[in-house]
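Step one of this worksheet: look at the structure below.
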Amino acid sequence: MPTEWKLFADLAERAGDKHVTVDASAGDTVGDALEQLVADRSELEERVLDDGDLRSQINVLRNGTNVLVEEEGLETELKEGDELALFPPVSGG
Amino acid sequence: MSDLRLDATQLDRYSRHVIMDEIGPEGQQRLLESSVLVVGAGGLGSPAIQYLAAAGIGRLGIVDDDVVERSNLQRQIVHGDDDVGRPKVESAADYVGALNPDIDVEPHETRLTADNVATLVDDYDVVLDASDNFGTRYLLNDHCVLTGTPLSHGAIYRFEGQVTTFTNERGTESDTDSPCYRCLFPEAPEPGTVPDCATTGVLGVLPGTVGCIQATEVVKYVLGKGELLEGRLLMYDAMDMTFETVDVLSNPSCPVCGDEPAIESVEDVSYEGSCEISAD
């Protein structure tokens with residue numbers, strides 16, 4: 001079963017959509033799903049990754065939980081039906 | 001009894017507060033004795049200033065160095081058409097004066113910098129960040145962490161908003177460590193990475209919703225009532241009309257509130273670019 005990414009703020013514009021489905025599934029990692037998300041989306045890749053590493057201001061959620069703080073980061077294993085999200089800081093006031 | 005300190009006009013003005021058990025005359029008195037600094041009198045600051053003034057926050061500071069432009073009026077509802085060209089702090093102060101004579105409004109027509117942040121912030125109980133740029137946001141975060149000042153954070157982008165509350169209470173027996181903005185976003189995006197409102201546009205009513213949530217949080221904080229957005233980031237999407245909350249945990253490697261913070265003073269940081277610690 002494929003995995004859905006939800007993208008916030010300018011990340012959605014760079015991806016061309018708020019919701020993107022990738023092939024990564026149970027047993028793959030969050031990093032695998034991220035790799036598939038940014039493949040063929042160079043504007044998004046540039047915003048999210050810096051030399052292949054996740055930029056520090058980009059947060060990755062799995063079912064609403066921050067995988068960088070509460071789980072195993074990009075090594076976190078996906079489970080069936082997981083929903084992933086990426087959100088950046090915004091500054092408008 | 002403290003309720004005797006509210007005069008007849010105040011008992012009338014705040015009667016819908018006073019009648020509620022959660023607020024009562026004591027709570028209203030707390031609001032009247034409190035002080036809040038609103039940084040930014042724009043989209044977020046407008047509704048925040050209006051509701052804080054209406055609620056009877058006794059001393060209300062407003063920081064902004066801009067003048068009102070006609071293109072602001074679609075969302076910055078504390079200003080009117082006749083205010084175009086006036087300093088925003090003056091226009092906002094006039095609004096507050098007309099709304100509620102109980103409020104001592106203190107306009108600060110200046111830009112917040114590392115040099116003046118202590119002078120401006122340390123005189124207030126709570127800070128409400130309604131600024132429009134990462135430099136000011138990181139500066140306010142760092143100063144409020146270092147001084148233990150409660151900070152309401154709100155920020156917007158086109159149709160989306162982010163809002164959370166940092167009590168900055170650390171090391172007390174009753175509290176687990178409170179997170180800060182850098183726990184979530186250690187460094188700012190490089191300038192130009194995230195386009196601003198002037199470039200992308202913004203739904204006029206969006207900052208109304210987000211600024212009202214910030215004002216709600218500040219009022220609750222002053223009253224000591226309810227559950228704050230402490231440790232939670234609320235993400236609002238006006239197009240989908242969804243609210244999602246994400247847990248925000250304190251990060252032991254946070255550069256300002258972590259176990260071994262690199263930032264011990266706002267002088268350590270250049271609040272430009274990525275707002276990271278200065279190389280020297």
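Ordering of the structure tokens sets the chain letters (A, B, ...), residue numbers begin anew at 1 in every chain, and ligands are numbered from 1 in the order given.
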Distance-based interface of chain B with chain A, 6 Å, counting only C-alpha atoms, as an NGL selection string: :B and (43-44 or 130-134 or 155-157 or 185 or 187 or 246)
Would you save the residues from that selection as a short mmCIF file (atom, residue, chain, number, x, y, z; two decimals), in the first residue's frame, using C-alpha atoms?
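The file below, out24.cif, is the result:
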```cif
data_model
loop_
_atom_site.label_atom_id
_atom_site.label_comp_id
_atom_site.auth_asym_id
_atom_site.auth_seq_id
_atom_site.Cartn_x
_atom_site.Cartn_y
_atom_site.Cartn_z
CA GLY B 43 -1.87 41.32 10.28
CA LEU B 44 -1.35 39.28 13.46
CA ALA B 130 3.31 39.23 15.60
CA SER B 131 6.40 40.09 13.57
CA ASP B 132 6.86 39.36 9.90
CA ASN B 133 10.44 38.16 9.58
CA PHE B 134 12.69 35.38 10.85
CA ALA B 155 3.17 33.09 11.89
CA ILE B 156 1.36 32.92 8.57
CA TYR B 157 1.90 31.96 4.96
CA PHE B 185 13.45 25.03 13.97
CA GLU B 187 17.98 27.74 12.32
CA VAL B 246 1.89 18.53 16.54
#
```
Shell around Asn72 of chain B at 10 Å using only C-alpha atoms, local window under 2 positions removed, as a list in words: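 Surrounding residues, per the criterion: Gly42, Gly43, Val67, Val68, Glu69, Arg70, Gln74, Arg75, Gln76, Ile77, His79, Gly80, Asp81, Val84, Ala198 and Gly204 of chain B.
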Residues within 9 Å of Asp23 of chain A, only C-alpha atoms, excluding chain neighbours under 4 positions, as a PDB file with C-alpha atoms, in the first residue's frame:
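Result file is part_27.pdb:
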```pdb
ATOM      1  CA  MET A   1       0.000   0.000   0.000  1.00  0.00           C
ATOM      2  CA  PRO A   2       1.499   3.355  -1.005  1.00  0.00           C
ATOM      3  CA  THR A   3       2.230   6.125   1.482  1.00  0.00           C
ATOM      4  CA  GLU A   4       0.875   9.649   1.391  1.00  0.00           C
ATOM      5  CA  ALA A  33       9.603   7.741   1.205  1.00  0.00           C
ATOM      6  CA  GLN A  36      10.785   9.111  -3.640  1.00  0.00           C
TER       7      GLN A  36
END
```
Counting only C-alpha atoms, the residue of B:Val256, B:Leu223, B:Thr200, B:Gln162 that sits nearest Leu140 of chain B: B:Val256
Secondary structure check, helix (DSSP H, G or I) residues of segment 2-83 of chain A, as a list in words: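 For segment 2-83 of chain A, the helix (DSSP H, G or I) set is Asp10, Leu11, Ala12, Glu13, Arg14, Ala15, Val30, Gly31, Asp32, Ala33, Leu34, Glu35, Gln36, Leu37, Val38, Ser42, Glu43, Leu44, Glu45, Glu46, Arg47, Val48, Val67, Leu68, Val69, Glu70, Gly73, Leu74 and Glu75 of chain A.
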